[in-house]
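work_37.csv, holding CSV, C-alpha atoms and all ligand atoms:
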```csv
chain,number,residue,atom,x,y,z
A,1029,MET,CA,4.7,-1.6,-13.0
A,1030,LEU,CA,3.8,-4.2,-10.4
A,1031,GLU,CA,0.2,-5.2,-10.1
A,1032,SER,CA,-0.4,-5.7,-6.4
A,1033,LEU,CA,-2.2,-8.9,-7.0
A,1034,LYS,CA,-2.4,-10.9,-10.1
A,1035,ILE,CA,-5.4,-13.0,-9.3
A,1036,ILE,CA,-7.4,-15.4,-9.0
A,1037,SER,CA,-8.3,-18.9,-9.9
A,1038,SER,CA,-11.6,-19.7,-11.5
A,1039,THR,CA,-14.4,-21.2,-9.4
A,1040,VAL,CA,-12.7,-22.3,-6.2
A,1041,ARG,CA,-13.9,-25.5,-4.7
A,1042,SER,CA,-12.5,-24.9,-1.3
A,1043,ARG,CA,-11.1,-21.9,0.4
A,1044,SER,CA,-7.8,-23.6,1.1
A,1045,ALA,CA,-7.3,-24.2,-2.6
A,1046,ALA,CA,-7.5,-20.5,-3.2
A,1047,PHE,CA,-5.0,-19.7,-0.5
A,1048,GLU,CA,-2.6,-22.2,-1.9
A,1049,ALA,CA,-2.8,-20.3,-5.2
A,1050,GLY,CA,-1.6,-17.3,-3.2
A,1051,LEU,CA,-4.9,-15.5,-3.2
A,1052,ALA,CA,-6.2,-13.2,-0.5
A,1053,VAL,CA,-9.7,-14.4,-1.0
A,1054,PRO,CA,-11.5,-17.0,-3.2
A,1055,LEU,CA,-13.3,-16.0,-6.3
A,1056,VAL,CA,-16.6,-17.6,-7.3
A,1057,ILE,CA,-17.8,-17.1,-10.8
A,1058,GLN,CA,-21.5,-17.2,-11.5
A,1059,PRO,CA,-22.5,-17.1,-15.2
A,1060,MET,CA,-26.1,-15.7,-15.5
A,1061,LYS,CA,-28.2,-15.5,-18.6
A,1062,SER,CA,-29.7,-12.2,-17.5
A,1063,ALA,CA,-26.4,-10.5,-16.8
A,1064,ARG,CA,-25.3,-8.0,-19.4
A,1065,VAL,CA,-22.0,-6.9,-17.9
A,1066,MET,CA,-19.6,-8.4,-15.5
A,1067,ARG,CA,-20.0,-7.4,-11.9
A,1068,LEU,CA,-17.9,-8.1,-8.9
A,1069,ARG,CA,-19.2,-8.2,-5.4
A,1070,PHE,CA,-17.4,-8.8,-2.1
A,1071,ASP,CA,-19.3,-11.0,0.4
A,1072,ALA,CA,-17.6,-9.8,3.6
A,1073,GLY,CA,-19.5,-12.4,5.7
A,1074,ARG,CA,-18.2,-15.3,3.8
A,1075,GLY,CA,-15.0,-13.7,2.8
A,1076,ILE,CA,-15.4,-14.4,-0.9
A,1077,LEU,CA,-15.6,-12.5,-4.1
A,1078,LYS,CA,-18.5,-13.2,-6.4
A,1079,LEU,CA,-18.3,-12.4,-10.0
A,1080,THR,CA,-21.5,-12.5,-12.1
A,1081,CYS,CA,-21.1,-12.5,-15.8
A,1082,PRO,CA,-23.1,-13.0,-19.0
A,1083,ALA,CA,-23.5,-16.7,-19.7
A,1084,ARG,CA,-21.6,-16.5,-23.0
A,1085,ILE,CA,-18.4,-15.1,-21.4
A,1086,ASN,CA,-15.8,-17.8,-20.9
A,1087,ARG,CA,-14.2,-18.3,-17.6
A,1088,GLN,CA,-10.8,-17.2,-18.7
A,1089,LYS,CA,-12.1,-13.9,-19.8
A,1090,ALA,CA,-14.1,-13.4,-16.6
A,1091,VAL,CA,-11.0,-14.1,-14.6
A,1092,ALA,CA,-8.9,-11.7,-16.7
A,1093,TRP,CA,-11.5,-9.0,-16.2
A,1094,ALA,CA,-11.5,-9.6,-12.4
A,1095,ALA,CA,-7.8,-9.2,-12.4
A,1096,THR,CA,-8.1,-5.7,-13.7
A,1097,GLN,CA,-10.3,-4.8,-10.6
A,1098,GLN,CA,-7.4,-5.2,-8.2
A,1099,ALA,CA,-7.5,-1.8,-6.6
A,1100,TRP,CA,-11.2,-2.2,-5.9
A,1101,ILE,CA,-10.7,-5.7,-4.5
A,1102,ASP,CA,-7.9,-4.5,-2.2
A,1103,ALA,CA,-10.1,-1.6,-1.0
A,1104,GLN,CA,-12.9,-4.0,-0.1
A,1105,LEU,CA,-10.6,-6.2,1.8
A,1106,ALA,CA,-9.1,-3.3,3.6
A,1107,LYS,CA,-12.5,-2.2,4.8
A,1108,VAL,CA,-13.2,-5.4,6.7
A,1109,LEU,CA,-9.8,-5.5,8.3
A,1110,PRO,CA,-9.5,-3.9,11.7
A,1111,ALA,CA,-8.1,-0.3,11.9
A,1112,ASN,CA,-4.4,-0.3,12.7
A,1113,PRO,CA,-3.5,3.3,13.7
A,1114,PHE,CA,-0.2,4.5,15.0
A,1115,ALA,CA,-1.2,4.6,18.6
A,1116,PRO,CA,0.5,3.8,22.0
A,1117,ASP,CA,0.5,0.1,22.6
A,1118,GLY,CA,-0.6,-0.7,19.1
A,1119,LEU,CA,1.1,-3.4,17.1
A,1120,ILE,CA,2.4,-2.7,13.7
A,1121,PRO,CA,4.4,-4.9,11.3
A,1122,VAL,CA,8.0,-3.7,10.6
A,1123,GLU,CA,9.9,-5.8,8.1
A,1124,GLY,CA,7.3,-8.5,8.7
A,1125,ARG,CA,7.6,-8.6,12.5
A,1126,ASP,CA,5.0,-7.3,14.9
A,1127,VAL,CA,6.4,-4.4,16.8
A,1128,ARG,CA,4.7,-2.7,19.7
A,1129,ILE,CA,4.5,1.1,19.8
A,1130,GLU,CA,5.6,2.3,23.2
A,1131,TRP,CA,5.0,6.0,23.9
A,1132,ASP,CA,7.0,7.7,26.7
A,1133,PRO,CA,6.7,11.6,26.6
A,1134,ALA,CA,10.2,11.8,28.2
A,1135,ALA,CA,11.9,9.7,25.4
A,1136,ARG,CA,13.4,11.1,22.2
A,1137,ARG,CA,10.9,12.6,19.8
A,1138,MET,CA,12.1,10.5,16.9
A,1139,PRO,CA,11.1,6.9,17.2
A,1140,VAL,CA,13.8,4.2,17.9
A,1141,LEU,CA,13.3,0.6,17.0
A,1142,GLU,CA,14.6,-1.6,19.8
A,1143,GLY,CA,13.9,-5.3,19.2
A,1144,ASP,CA,10.1,-5.7,19.1
A,1145,VAL,CA,9.4,-2.3,20.6
A,1146,LEU,CA,9.2,1.1,18.7
A,1147,LEU,CA,10.0,3.6,21.4
A,1148,CYS,CA,8.4,7.0,20.7
A,1149,GLY,CA,8.8,10.1,22.7
A,1150,GLY,CA,7.6,13.7,22.6
A,1151,PRO,CA,4.0,15.0,22.7
A,1152,ILE,CA,1.2,12.8,21.7
A,1153,GLU,CA,0.3,15.4,19.0
A,1154,GLY,CA,2.3,14.5,16.0
A,1155,LEU,CA,3.0,11.0,17.1
A,1156,THR,CA,1.5,9.5,14.0
A,1157,ARG,CA,3.4,11.8,11.7
A,1158,ARG,CA,6.7,11.0,13.5
A,1159,ILE,CA,6.2,7.3,13.3
A,1160,GLU,CA,5.3,7.6,9.6
A,1161,LYS,CA,8.4,9.7,9.0
A,1162,PHE,CA,10.6,7.1,10.8
A,1163,LEU,CA,9.1,4.3,8.7
A,1164,LYS,CA,9.5,6.2,5.4
A,1165,ARG,CA,13.1,7.0,6.2
A,1166,ARG,CA,13.8,3.4,6.9
A,1167,ALA,CA,12.0,2.4,3.7
A,1168,VAL,CA,14.1,4.7,1.6
A,1169,GLU,CA,17.3,3.4,3.2
A,1170,VAL,CA,16.5,-0.3,2.8
A,1171,LEU,CA,14.9,0.0,-0.7
A,1172,SER,CA,17.8,2.1,-2.0
A,1173,LYS,CA,20.3,-0.4,-0.8
A,1174,GLU,CA,18.5,-3.4,-2.2
A,1175,THR,CA,17.8,-1.7,-5.5
A,1176,ALA,CA,21.5,-1.0,-5.9
A,1177,GLU,CA,22.4,-4.6,-5.1
A,1178,PHE,CA,20.0,-6.0,-7.6
A,1179,ALA,CA,21.0,-3.4,-10.2
A,1180,ILE,CA,24.6,-4.5,-9.9
A,1181,GLN,CA,23.5,-8.1,-10.6
A,1182,ALA,CA,21.5,-6.9,-13.6
A,1183,GLY,CA,24.4,-4.7,-14.9
A,1184,VAL,CA,22.3,-1.5,-14.8
A,1185,ILE,CA,21.9,1.6,-12.7
A,1186,ALA,CA,18.7,3.1,-11.3
A,1187,ARG,CA,18.7,6.8,-11.9
A,1188,SER,CA,16.7,7.4,-8.7
A,1189,VAL,CA,14.8,5.6,-6.0
A,1190,SER,CA,12.0,7.3,-4.3
A,1191,ILE,CA,8.9,6.4,-2.2
A,1192,GLY,CA,5.3,7.3,-2.2
A,1193,ASP,CA,2.0,5.9,-0.9
A,1194,ALA,CA,0.2,4.7,-4.0
A,1195,ASP,CA,-2.6,2.4,-3.1
A,1196,THR,CA,-2.6,0.4,-6.2
A,1197,ARG,CA,1.0,-0.3,-6.8
A,1198,TRP,CA,3.9,-1.6,-4.8
A,1199,GLY,CA,6.4,-0.2,-7.2
A,1200,SER,CA,6.9,1.4,-10.6
A,1201,CYS,CA,9.7,2.0,-13.0
A,1202,SER,CA,9.9,4.8,-15.6
A,1203,ALA,CA,11.4,4.6,-19.0
A,1204,SER,CA,14.1,7.0,-17.8
A,1205,GLY,CA,15.2,4.5,-15.0
A,1206,ARG,CA,13.5,6.1,-12.0
A,1207,ILE,CA,12.0,3.6,-9.5
A,1208,ARG,CA,9.3,4.5,-7.1
A,1209,TYR,CA,8.1,2.3,-4.3
A,1210,SER,CA,5.3,2.3,-1.8
A,1211,TRP,CA,6.9,3.1,1.6
A,1212,ARG,CA,4.6,0.4,3.1
A,1213,LEU,CA,7.0,-2.2,1.7
A,1214,ILE,CA,9.1,-1.6,4.9
A,1215,LEU,CA,6.1,-3.2,6.8
A,1216,ALA,CA,6.2,-6.3,4.6
A,1217,PRO,CA,8.3,-9.4,5.3
A,1218,PRO,CA,11.8,-8.9,3.6
A,1219,GLU,CA,11.2,-11.7,1.0
A,1220,ALA,CA,8.0,-10.0,-0.2
A,1221,ARG,CA,9.8,-6.6,-0.3
A,1222,ARG,CA,12.8,-8.1,-2.2
A,1223,PHE,CA,10.4,-9.6,-4.8
A,1224,VAL,CA,9.2,-6.1,-5.6
A,1225,VAL,CA,12.7,-4.7,-5.8
A,1226,ALA,CA,13.8,-7.6,-8.2
A,1227,HIS,CA,10.7,-6.9,-10.2
A,1228,GLU,CA,11.3,-3.2,-10.6
A,1229,VAL,CA,15.1,-3.6,-11.3
A,1230,ALA,CA,14.2,-6.1,-14.0
A,1231,HIS,CA,12.1,-3.3,-15.5
A,1232,LEU,CA,15.2,-1.2,-15.8
A,1233,VAL,CA,16.2,-3.7,-18.5
A,1234,HIS,CA,12.8,-4.7,-19.9
A,1235,LEU,CA,9.9,-2.3,-19.8
A,1236,ASN,CA,7.4,-5.1,-20.2
A,1237,HIS,CA,6.4,-8.4,-18.6
A,1238,GLY,CA,7.7,-10.5,-21.5
A,1239,ARG,CA,9.7,-13.8,-21.3
A,1240,GLU,CA,13.1,-12.1,-21.0
A,1241,PHE,CA,11.8,-9.9,-18.3
A,1242,LYS,CA,10.5,-12.9,-16.3
A,1243,ALA,CA,13.8,-14.7,-16.8
A,1244,LEU,CA,15.8,-11.7,-15.4
A,1245,GLU,CA,13.3,-11.3,-12.5
A,1246,ARG,CA,13.8,-15.0,-11.6
A,1247,ARG,CA,17.6,-14.7,-11.9
A,1248,LEU,CA,17.7,-11.6,-9.7
A,1249,TYR,CA,15.4,-12.9,-7.0
A,1250,GLY,CA,16.6,-16.5,-6.9
A,1251,PRO,CA,14.6,-19.4,-5.6
A,1252,GLY,CA,11.2,-18.8,-4.0
A,1253,LEU,CA,9.9,-16.0,-6.2
A,1254,ALA,CA,6.4,-17.4,-6.6
A,1255,GLU,CA,6.1,-17.9,-2.8
A,1256,ALA,CA,7.3,-14.3,-2.2
A,1257,LYS,CA,4.8,-13.0,-4.7
A,1258,ALA,CA,2.0,-15.0,-3.1
A,1259,LEU,CA,3.0,-13.8,0.4
A,1260,LEU,CA,2.9,-10.1,-0.7
A,1261,ARG,CA,-0.6,-10.7,-2.1
A,1262,ARG,CA,-1.8,-12.2,1.2
A,1263,VAL,CA,-0.3,-9.5,3.5
A,1264,GLY,CA,-1.0,-6.6,1.1
A,1265,PRO,CA,-4.4,-5.6,2.4
A,1266,ARG,CA,-3.2,-5.5,6.0
A,1267,LEU,CA,-0.2,-3.4,5.1
A,1268,LYS,CA,-2.5,-0.9,3.6
A,1269,ARG,CA,-4.4,-0.5,6.9
A,1270,VAL,CA,-1.3,0.3,8.9
A,1271,GLY,CA,-1.3,3.9,10.2
A,1272,ARG,CA,-4.9,4.4,9.2
A,1273,GLY,CA,-7.4,4.8,11.9
A,1274,ASP,CA,-10.7,4.5,10.1
A,1301,ZN,ZN,5.8,-4.8,-13.7
```
Would you write out, as structure tokens, the structure that this file holds?
Ligand SMILES: [Zn+2]
Amino acid sequence: MLESLKIISSTVRSRSAAFEAGLAVPLVIQPMKSARVMRLRFDAGRGILKLTCPARINRQKAVAWAATQQAWIDAQLAKVLPANPFAPDGLIPVEGRDVRIEWDPAARRMPVLEGDVLLCGGPIEGLTRRIEKFLKRRAVEVLSKETAEFAIQAGVIARSVSIGDADTRWGSCSASGRIRYSWRLILAPPEARRFVVAHEVAHLVHLNHGREFKALERRLYGPGLAEAKALLRRVGPRLKRVGRGD
């Protein structure tokens, strides 16, 4: 499986340092004598994560624990991002480009992507559902094609490719060779999406994150893997807001 964000440096001296490391937000570790357990808080005003931990816990352990809290961290980040519903004149990312939703009741019901405009017709009722359907269809198409390409390079076959809307994972691969992706990857820049595909296809060969797995993942993706991974981390919280109004 692919953790949506690996984490997190130790105490970060400047915010830009954290971003360089590919983080969505900096983490500040505060050892406290009185603390009995580790506790993570999100300071929305300053845009930082604060981790308090018992004084005896070393930094590496604290960071490793924070890394297991990824779903919670993403949820906090998503809350402070503006809503991004599928609404007329709204901007949504499609394959990493901002696309404007143009609604014309006289146009075709099923959305059509023309350059930077997503032309949507039919009644306003069901517009959200139709846009989501359009994006999911495109996601299946693109992800199936890329999975097949990487699988040929790896000399394996994916038994099936499907999509879902898991909040905590961008992709997963079963022992029986079935790969499942988040449909939201179609919103992401292509290099970030392809990183997830290379990662899951590498799992068709190695169901772990060991050395051989990492070598295959690197070979499949080619140069720029670390950058693609960091990019996905940065844009992830926004992608999870798309199509959600609250
Ligand atoms: Zn994995």
Leaving out Ala1176 (chain A) and any residue of its chain fewer than 2 positions from it, which residues lie within 10 Å of it when counting all atoms listed in the file, given as a PyMOL selection string? chain A and resi 1171-1174+1178-1182+1184-1186+1189+1225+1229
If I take CA of Ile1159 (chain A) and CA of Asp1126 (chain A), how far is one from the other in Å, to one decimal?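 The value is 14.7 Å.
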Between CA of Ala1115 (chain A) and CA of Ala1256 (chain A), distance in Å (one decimal):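 About the pair CA of Ala1115 (chain A) and CA of Ala1256 (chain A): they are 29.4 Å apart.
Excluding Leu1267 (chain A) and any residue on its chain fewer than 2 positions from it, the residues at most 8 Å away by all atoms listed in the file are A:Pro1121, A:Arg1212, A:Leu1215, A:Ala1216, A:Val1263, A:Gly1264, A:Pro1265, A:Arg1269, A:Val1270.
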CA of Leu1163 (chain A) to CA of Val1122 (chain A), straight-line distance in Å: 8.3 Å
Residues near Ser1210 (chain A), anyone? I mean within 6 Å using only C-alpha atoms, not counting same-chain ones fewer than 3 positions away, as a PyMOL selection string. chain A and resi 1191-1193+1198+1213
Grab the residues selected above and save them as a PDB file, in the frame of the given file with C-alpha atoms.
```
ATOM      1  CA  ILE A1191       8.900   6.400  -2.200  1.00  0.00           C
ATOM      2  CA  GLY A1192       5.300   7.300  -2.200  1.00  0.00           C
ATOM      3  CA  ASP A1193       2.000   5.900  -0.900  1.00  0.00           C
ATOM      4  CA  TRP A1198       3.900  -1.600  -4.800  1.00  0.00           C
ATOM      5  CA  LEU A1213       7.000  -2.200   1.700  1.00  0.00           C
TER       6      LEU A1213
END
```
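Using only C-alpha atoms and all ligand atoms, the shortest contact distance between ligand ZN 1301 (chain A) and any of A:Phe1241, A:Trp1131, A:Trp1093, A:Tyr1249 is found at A:Phe1241.
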Any idea what's packed within 12 Å of Ser1200 (chain A), counting only C-alpha atoms, ignoring anything in its chain fewer than 6 positions away? Could you give it as a PyMOL selection string? chain A and resi 1029-1032+1186+1188-1194+1206-1210+1224-1232+1235-1236
Nearest to Val1170 (chain A), chosen from A:Val1127, A:Val1065, A:Met1138, A:Ile1214, with only C-alpha atoms counted in the distances: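 The closest residue to Val1170 (chain A) is A:Ile1214.
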Point out the residue among A:Arg1197, A:Arg1221, A:Arg1266, A:Arg1137 with the least atom-to-atom distance to ligand ZN 1301 (chain A), counting only C-alpha atoms and all ligand atoms. A:Arg1197
For ligand ZN 1301 (chain A), the nearest of the candidates A:Phe1114, A:Trp1211, A:Trp1100, A:Phe1223, counting all atoms listed in the file: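 Nearest to ligand ZN 1301 (chain A): A:Phe1223.
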